[in-house]
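One file, final-v1.cif, carrying mmCIF, C-alpha atoms:
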```
data_protein
loop_
_atom_site.label_atom_id
_atom_site.label_comp_id
_atom_site.auth_asym_id
_atom_site.auth_seq_id
_atom_site.Cartn_x
_atom_site.Cartn_y
_atom_site.Cartn_z
CA MET A 10 -10.43 -14.80 -10.30
CA ILE A 11 -6.99 -13.32 -10.93
CA ILE A 12 -6.06 -12.96 -14.58
CA HIS A 13 -2.67 -12.00 -16.00
CA LEU A 14 -2.39 -10.26 -19.35
CA PRO A 15 0.94 -9.84 -21.18
CA VAL A 16 2.92 -6.64 -20.64
CA THR A 17 3.09 -6.27 -24.43
CA LEU A 18 -0.58 -5.32 -24.29
CA SER A 19 -1.14 -1.58 -23.90
CA GLU A 20 -2.45 -0.37 -20.56
CA GLN A 21 -5.41 1.25 -22.28
CA ARG A 22 -6.40 -2.07 -23.85
CA ALA A 23 -5.88 -3.93 -20.56
CA ARG A 24 -8.13 -1.43 -18.78
CA GLU A 25 -10.78 -1.80 -21.48
CA LEU A 26 -10.75 -5.56 -21.00
CA ALA A 27 -10.97 -5.10 -17.23
CA THR A 28 -14.03 -2.90 -17.66
CA SER A 29 -15.66 -5.38 -20.02
CA ILE A 30 -15.60 -8.12 -17.36
CA GLU A 31 -16.14 -5.76 -14.38
CA ALA A 32 -12.68 -6.41 -13.00
CA LEU A 33 -10.28 -4.29 -10.95
CA TYR A 34 -7.14 -3.37 -12.88
CA LEU A 35 -3.71 -3.66 -11.23
CA ARG A 36 -0.23 -3.26 -12.70
CA ARG A 37 2.73 -5.50 -11.99
CA PRO A 38 6.17 -5.19 -13.59
CA ASP A 39 5.64 -8.52 -15.35
CA ALA A 40 1.92 -8.40 -16.15
CA HIS A 41 -1.35 -6.51 -16.30
CA VAL A 42 -3.55 -7.99 -13.56
CA LEU A 43 -7.35 -8.19 -13.65
CA LEU A 44 -9.12 -9.05 -10.42
CA THR A 45 -12.75 -10.17 -10.36
CA ASN A 46 -14.83 -11.52 -7.51
CA CYS A 47 -14.62 -15.22 -6.70
CA ALA A 48 -17.91 -15.97 -8.44
CA MET A 49 -16.02 -16.03 -11.72
CA GLN A 50 -14.59 -19.54 -12.04
CA THR A 51 -13.90 -19.81 -15.77
CA LEU A 52 -11.91 -17.55 -18.05
CA PRO A 53 -14.21 -15.13 -19.91
CA PRO A 54 -14.36 -15.82 -23.66
CA ALA A 55 -13.17 -12.26 -24.36
CA LEU A 56 -9.81 -13.10 -22.75
CA GLU A 57 -9.21 -16.45 -24.41
CA GLY A 58 -6.01 -16.31 -26.40
CA ILE A 59 -4.95 -13.14 -24.56
CA ALA A 60 -4.54 -14.15 -20.91
CA THR A 61 -1.19 -15.69 -20.04
CA ALA A 62 -2.28 -17.14 -16.68
CA TRP A 63 -5.34 -17.22 -14.43
CA TRP A 64 -6.35 -18.48 -11.01
CA ALA A 65 -9.92 -19.28 -9.95
CA MET A 66 -10.31 -18.75 -6.20
CA PRO A 67 -12.84 -20.11 -3.69
CA THR A 68 -13.00 -16.82 -1.73
CA ASP A 69 -12.36 -13.12 -2.32
CA MET A 70 -9.13 -13.28 -0.30
CA GLN A 71 -7.32 -13.68 -3.59
CA LEU A 72 -4.19 -11.54 -3.82
CA SER A 73 -2.95 -12.84 -0.47
CA SER A 74 -3.67 -16.46 -1.38
CA ARG A 75 -0.78 -18.92 -1.33
CA THR A 76 -2.24 -20.38 -4.49
CA TYR A 77 -1.50 -17.13 -6.29
CA HIS A 78 1.60 -16.06 -4.38
CA PRO A 79 3.24 -19.09 -2.73
CA ASP A 80 6.13 -17.09 -1.24
CA THR A 81 5.69 -14.84 1.78
CA TYR A 82 5.73 -11.20 0.72
CA ARG A 83 8.86 -9.28 1.63
CA ILE A 84 8.94 -5.49 1.90
CA ASP A 85 12.38 -3.94 2.32
CA ILE A 86 12.45 -0.95 4.68
CA GLY A 87 15.87 0.65 4.92
CA ASP A 88 18.17 -1.95 6.46
CA THR A 89 15.33 -4.17 7.68
CA TYR A 90 12.29 -5.80 6.13
CA ILE A 91 8.82 -7.16 6.83
CA GLY A 92 7.83 -10.70 5.88
CA GLY A 93 9.93 -12.97 3.71
CA ASP A 94 11.95 -15.48 5.70
CA GLN A 95 12.01 -13.26 8.79
CA ARG A 96 10.89 -15.26 11.82
CA ASN A 97 10.86 -12.36 14.25
CA GLN A 98 8.06 -9.86 14.68
CA LEU A 99 8.61 -6.24 13.75
CA MET A 100 7.23 -3.94 16.44
CA ILE A 101 5.46 -0.80 15.21
CA ALA A 102 4.29 1.70 17.84
CA GLY A 103 3.30 5.33 18.27
CA PRO A 104 0.37 7.74 18.65
CA CYS A 105 -2.79 7.54 16.57
CA ALA A 106 -2.07 10.90 14.97
CA VAL A 107 0.67 13.49 14.67
CA GLU A 108 -0.67 16.39 16.74
CA SER A 109 2.35 18.61 17.39
CA ARG A 110 6.14 18.73 17.16
CA ARG A 111 6.50 18.21 20.91
CA GLN A 112 4.17 15.21 20.93
CA ILE A 113 5.80 13.41 18.03
CA GLU A 114 9.34 14.14 19.21
CA GLN A 115 8.59 12.77 22.69
CA SER A 116 7.07 9.68 21.05
CA CYS A 117 10.19 9.18 18.95
CA GLN A 118 12.48 9.54 21.95
CA MET A 119 10.49 6.90 23.83
CA LEU A 120 10.56 4.48 20.89
CA VAL A 121 14.29 4.89 20.45
CA SER A 122 14.83 4.18 24.15
CA LEU A 123 12.82 0.95 23.76
CA GLY A 124 14.68 -0.15 20.66
CA ILE A 125 11.63 0.19 18.39
CA ARG A 126 12.50 1.08 14.79
CA VAL A 127 9.14 1.89 13.21
CA LEU A 128 6.84 4.74 14.28
CA ARG A 129 3.10 4.60 13.67
CA ALA A 130 1.51 8.06 13.43
CA GLY A 131 -1.24 9.31 11.13
CA CYS A 132 -1.26 12.62 9.27
CA TYR A 133 -4.62 12.27 7.54
CA LYS A 134 -7.49 11.25 9.82
CA PRO A 135 -10.85 11.01 8.01
CA ARG A 136 -13.76 11.76 10.31
CA THR A 137 -17.52 11.65 9.96
CA SER A 138 -17.78 15.28 11.05
CA PRO A 139 -15.74 17.87 9.10
CA TYR A 140 -15.50 19.93 12.30
CA THR A 141 -13.37 17.42 14.21
CA PHE A 142 -9.58 17.04 14.05
CA ARG A 143 -8.60 15.56 10.70
CA GLY A 144 -4.84 15.44 11.12
CA LEU A 145 -2.05 17.86 10.28
CA GLY A 146 -1.87 16.70 6.68
CA GLU A 147 1.23 17.72 4.79
CA ASP A 148 2.65 19.55 7.82
CA GLY A 149 2.46 16.23 9.66
CA LEU A 150 4.31 14.50 6.84
CA LYS A 151 7.09 17.05 7.11
CA LEU A 152 7.35 16.43 10.85
CA LEU A 153 7.58 12.68 10.26
CA ALA A 154 10.30 13.20 7.67
CA GLU A 155 12.18 15.41 10.15
CA MET A 156 11.86 12.78 12.89
CA ARG A 157 13.03 10.10 10.48
CA ASP A 158 16.20 12.04 9.75
CA LYS A 159 16.81 12.92 13.40
CA TYR A 160 16.05 9.58 15.07
CA GLY A 161 16.41 7.07 12.25
CA LEU A 162 12.81 5.89 12.61
CA LEU A 163 10.57 4.75 9.78
CA SER A 164 6.89 5.64 9.74
CA PRO A 165 4.06 4.14 7.64
CA PRO A 166 1.28 6.78 7.73
CA ARG A 167 -2.13 5.78 6.50
CA CYS A 168 -2.74 6.93 2.94
CA ALA A 169 -6.38 7.96 3.30
CA MET A 170 -6.94 10.79 0.84
CA PRO A 171 -6.84 10.71 -2.98
CA HIS A 172 -3.95 13.18 -3.16
CA THR A 173 -1.74 11.70 -0.46
CA PRO A 174 0.17 8.95 -2.34
CA THR A 175 2.16 11.50 -4.37
CA ARG A 176 2.86 13.65 -1.31
CA LEU A 177 3.90 10.60 0.67
CA SER A 178 6.28 9.50 -2.05
CA ASN A 179 7.97 12.90 -1.92
CA THR A 180 8.37 12.84 1.86
CA LEU A 181 8.63 9.34 3.31
CA ILE A 182 10.07 5.94 2.46
CA LEU A 183 7.18 3.81 3.66
CA CYS A 184 3.41 4.13 3.60
CA ARG A 185 0.33 1.94 3.60
CA LEU A 186 -2.99 1.96 1.81
CA GLU A 187 -5.83 0.43 3.80
CA PRO A 188 -8.34 -2.00 2.25
CA ASN A 189 -11.14 0.57 2.13
CA GLN A 190 -8.92 2.94 0.12
CA CYS A 191 -8.39 0.10 -2.39
CA THR A 192 -12.03 0.54 -3.39
CA THR A 193 -12.80 4.18 -2.56
CA THR A 194 -9.79 5.93 -4.12
CA PRO A 195 -11.01 7.84 -7.20
CA SER A 196 -10.15 6.45 -10.62
CA SER A 197 -7.73 9.34 -11.11
CA LEU A 198 -5.46 7.70 -8.55
CA PRO A 199 -6.25 3.97 -8.31
CA PRO A 200 -4.01 1.77 -6.15
CA ALA A 201 -2.40 0.35 -9.29
CA ASN A 202 -0.97 3.78 -10.10
CA VAL A 203 0.77 3.94 -6.74
CA ALA A 204 3.34 1.57 -8.18
CA ASN A 205 4.27 4.32 -10.66
CA LEU A 206 5.44 6.58 -7.83
CA SER A 207 9.00 6.56 -6.54
CA PHE A 208 8.58 3.44 -4.44
CA SER A 209 10.90 0.55 -5.25
CA SER A 210 8.98 -2.16 -3.40
CA VAL A 211 5.22 -2.58 -3.62
CA ALA A 212 3.18 -5.39 -2.08
CA LEU A 213 -0.38 -5.48 -3.34
CA ALA A 214 -1.93 -7.51 -0.55
CA PRO A 215 0.26 -8.98 2.17
CA PRO A 216 -1.38 -10.95 4.98
CA CYS A 217 -2.24 -7.74 6.87
CA ARG A 218 -4.55 -6.89 3.92
CA SER A 219 -3.11 -3.41 3.48
CA LEU A 220 -1.16 -2.21 0.49
CA TRP A 221 2.36 -1.39 1.68
CA MET A 222 4.85 0.62 -0.32
CA ALA A 223 8.50 1.18 0.42
CA ARG A 224 11.46 2.78 -1.20
CA THR A 225 15.05 2.23 -0.16
CA SER A 226 16.30 5.80 -0.26
CA SER A 227 15.05 9.05 1.21
#
```

Starting from the file, lay out its structure as structure tokens.
Amino acid sequence: MIIHLPVTLSEQRARELATSIEALYLRRPDAHVLLTNCAMQTLPPALEGIATAWWAMPTDMQLSSRTYHPDTYRIDIGDTYIGGDQRNQLMIAGPCAVESRRQIEQSCQMLVSLGIRVLRAGCYKPRTSPYTFRGLGEDGLKLLAEMRDKYGLLSPPRCAMPHTPTRLSNTLILCRLEPNQCTTTPSSLPPANVANLSFSSVALAPPCRSLWMARTSS
């Protein structure tokens, strides 16, 4: 179930209510959002008289449901966008990870020659073994920012560590949070708080089931 609480309610109180019904707390500009699993089909008594709207769902694919969000999500990225009324596909290509300046620059040059606008390259690569390559981290973010300025490419690196959303917001204009990070990110930096960073467009759960964030200026 998705439950909206009024923005006049304090965030602390909204979080307390979320905890009381074992719900995930999310923040939208127009509402506090509580997300439970689909087993909940009726509004909890504790929220009667407080909730402004609620949707009972048949499956846990809730935030991307047309019942909840009838319009196709649109995420503005510079002078282009993903979703909305766009009928064409947006091609995203690139290496799995940023490994070196030479590698990422050659990748950018190839993408530009092919007319591809968005580069895919990871800076944080979680691995089972701590002894394997785990990405260049912040140095990789700086390289991506440099390539963005030099070649005009956008890059949505995977936000896979608790500290990366803030660093990404300081460096890039687009990033994504994968579904597993929506549940494993520590409470000190839950996905809802990402919206408080300097990103002007946030989509909680577009059809690709990742959380995408974009800002219009660098």

Checklist entry - Can you tell me, as a count of residues only, which residues sit within 12 Å of (-15.2, -11.2, -5.2) in the file's frame, using all atoms listed in the file? => result 21

Please write as a tab-separated table (two decimals) with C-alpha atoms, in the coordinates of the input the full residue list that the PyMOL selection byres ((chain A and resi 161) around 10) yields on this file.
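New file out.tsv:
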```tsv
chain	number	residue	atom	x	y	z
A	87	GLY	CA	15.87	0.65	4.92
A	117	CYS	CA	10.19	9.18	18.95
A	121	VAL	CA	14.29	4.89	20.45
A	126	ARG	CA	12.50	1.08	14.79
A	127	VAL	CA	9.14	1.89	13.21
A	154	ALA	CA	10.30	13.20	7.67
A	155	GLU	CA	12.18	15.41	10.15
A	156	MET	CA	11.86	12.78	12.89
A	157	ARG	CA	13.03	10.10	10.48
A	158	ASP	CA	16.20	12.04	9.75
A	159	LYS	CA	16.81	12.92	13.40
A	160	TYR	CA	16.05	9.58	15.07
A	162	LEU	CA	12.81	5.89	12.61
A	163	LEU	CA	10.57	4.75	9.78
A	164	SER	CA	6.89	5.64	9.74
```

Next on the checklist: Which residues would end up in the selection if the PyMOL selection byres ((chain A and resi 114) around 10) were applied here, given that I need the answer as a PyMOL selection string?
Outcome noted: chain A and resi 107+109-113+115-120+152-153+155-156+159-160

Checklist entry - Using the chain letters and numbers from the file, which residues does the PyMOL selection byres ((chain A and resi 61) around 12) grab, as a list in words? => result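 After applying the PyMOL selection byres ((chain A and resi 61) around 12), what remains is Ile11, Ile12, His13, Leu14, Pro15, Val16, Thr17, Leu18, Asp39, Ala40, His41, Val42, Leu43, Leu52, Leu56, Glu57, Gly58, Ile59, Ala60, Ala62, Trp63 and Trp64 of chain A.
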
Item to check | Coordinates-based distance that separates CA of Arg36 in chain A from CA of Ala130 in chain A (Å, one decimal) | outcome: 28.5 Å

Next on the checklist: One decimal, in Å: what's the spacing between CA of Glu108 in chain A and CA of Ser138 in chain A?
Outcome noted: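 Separation between CA of Glu108 in chain A and CA of Ser138 in chain A: 18.1 Å.
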
Checklist entry - In Å, with one decimal, what is the gap from CA of Ile101 in chain A to CA of Ile86 in chain A? => result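 So the answer is 12.6 Å.
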
Report as AutoDock Vina command-line options the centre and the edge lengths, in Å to one decimal, of the axis-aligned box holding every listed atom of range 17-36 of chain A, padded by 8 Å on each side.
```
--center_x -6.5 --center_y -3.4 --center_z -17.7 --size_x 35.2 --size_y 25.4 --size_z 29.5
```

Checklist entry - Around (4.6, -13.6, 3.5) in the file's own coordinates, what residues are found within 9 Å if you use all atoms listed in the file, given back as a PyMOL selection string? => result chain A and resi 73+75+78-83+91-94+215-216

Quick one: range 131-142 of chain A with all heavy atoms, as a compact mmCIF listing (two decimals), in the frame of the given file?
```
# COMPACT_ATOMS: atom_id res chain seq x y z
N GLY A 131 -0.46 8.89 12.29
CA GLY A 131 -1.24 9.31 11.13
C GLY A 131 -1.22 10.81 10.91
O GLY A 131 -1.21 11.60 11.86
N CYS A 132 -1.21 11.20 9.63
CA CYS A 132 -1.26 12.62 9.27
C CYS A 132 -2.60 13.01 8.66
O CYS A 132 -2.97 14.18 8.66
CB CYS A 132 -0.15 12.94 8.28
SG CYS A 132 1.51 12.65 8.93
N TYR A 133 -3.30 12.03 8.13
CA TYR A 133 -4.62 12.27 7.54
C TYR A 133 -5.61 11.38 8.28
O TYR A 133 -5.51 10.15 8.25
CB TYR A 133 -4.62 11.92 6.05
CG TYR A 133 -3.72 12.82 5.23
CD1 TYR A 133 -2.37 12.50 5.05
CD2 TYR A 133 -4.20 13.99 4.66
CE1 TYR A 133 -1.54 13.33 4.30
CE2 TYR A 133 -3.38 14.82 3.90
CZ TYR A 133 -2.05 14.48 3.73
OH TYR A 133 -1.22 15.29 3.00
N LYS A 134 -6.56 11.99 8.97
CA LYS A 134 -7.49 11.25 9.82
C LYS A 134 -8.93 11.54 9.38
O LYS A 134 -9.57 12.47 9.88
CB LYS A 134 -7.30 11.65 11.29
CG LYS A 134 -5.86 11.58 11.80
CD LYS A 134 -5.32 10.16 11.78
CE LYS A 134 -6.04 9.31 12.78
NZ LYS A 134 -5.47 7.94 12.83
N PRO A 135 -9.46 10.78 8.45
CA PRO A 135 -10.85 11.01 8.01
C PRO A 135 -11.83 10.88 9.17
O PRO A 135 -11.71 9.98 9.98
CB PRO A 135 -11.07 9.90 6.98
CG PRO A 135 -9.70 9.51 6.54
CD PRO A 135 -8.83 9.68 7.74
N ARG A 136 -12.76 11.77 9.24
CA ARG A 136 -13.76 11.76 10.31
C ARG A 136 -15.15 11.95 9.71
O ARG A 136 -15.31 12.55 8.64
CB ARG A 136 -13.50 12.88 11.32
CG ARG A 136 -12.19 12.73 12.10
CD ARG A 136 -12.30 11.60 13.13
NE ARG A 136 -11.12 11.52 13.98
CZ ARG A 136 -10.08 10.73 13.75
NH1 ARG A 136 -10.08 9.97 12.67
NH2 ARG A 136 -9.06 10.70 14.58
N THR A 137 -16.15 11.48 10.41
CA THR A 137 -17.52 11.65 9.96
C THR A 137 -17.89 13.12 9.93
O THR A 137 -18.52 13.62 8.99
CB THR A 137 -18.50 10.88 10.87
OG1 THR A 137 -18.14 9.50 10.87
CG2 THR A 137 -19.92 11.03 10.37
N SER A 138 -17.49 13.85 10.98
CA SER A 138 -17.78 15.28 11.05
C SER A 138 -16.60 16.08 10.51
O SER A 138 -15.46 15.85 10.90
CB SER A 138 -18.06 15.70 12.50
OG SER A 138 -18.11 17.12 12.60
N PRO A 139 -16.84 17.04 9.62
CA PRO A 139 -15.74 17.87 9.10
C PRO A 139 -15.23 18.87 10.12
O PRO A 139 -14.26 19.57 9.87
CB PRO A 139 -16.40 18.59 7.90
CG PRO A 139 -17.84 18.66 8.27
CD PRO A 139 -18.14 17.39 9.02
N TYR A 140 -15.89 18.94 11.28
CA TYR A 140 -15.50 19.93 12.30
C TYR A 140 -14.57 19.34 13.35
O TYR A 140 -14.13 20.03 14.26
CB TYR A 140 -16.75 20.51 12.95
CG TYR A 140 -17.70 21.13 11.95
CD1 TYR A 140 -18.88 20.48 11.60
CD2 TYR A 140 -17.39 22.33 11.30
CE1 TYR A 140 -19.75 21.02 10.66
CE2 TYR A 140 -18.25 22.87 10.35
CZ TYR A 140 -19.42 22.22 10.04
OH TYR A 140 -20.27 22.75 9.10
N THR A 141 -14.28 18.04 13.26
CA THR A 141 -13.37 17.42 14.21
C THR A 141 -11.96 17.38 13.62
O THR A 141 -11.76 17.61 12.43
CB THR A 141 -13.83 16.00 14.57
OG1 THR A 141 -13.98 15.24 13.36
CG2 THR A 141 -15.15 16.03 15.32
N PHE A 142 -10.98 17.08 14.47
CA PHE A 142 -9.58 17.04 14.05
C PHE A 142 -9.37 16.00 12.96
O PHE A 142 -9.73 14.85 13.11
CB PHE A 142 -8.69 16.72 15.26
CG PHE A 142 -7.23 16.62 14.92
CD1 PHE A 142 -6.51 17.73 14.54
CD2 PHE A 142 -6.57 15.38 14.99
CE1 PHE A 142 -5.15 17.63 14.23
CE2 PHE A 142 -5.23 15.28 14.70
CZ PHE A 142 -4.52 16.42 14.32
```
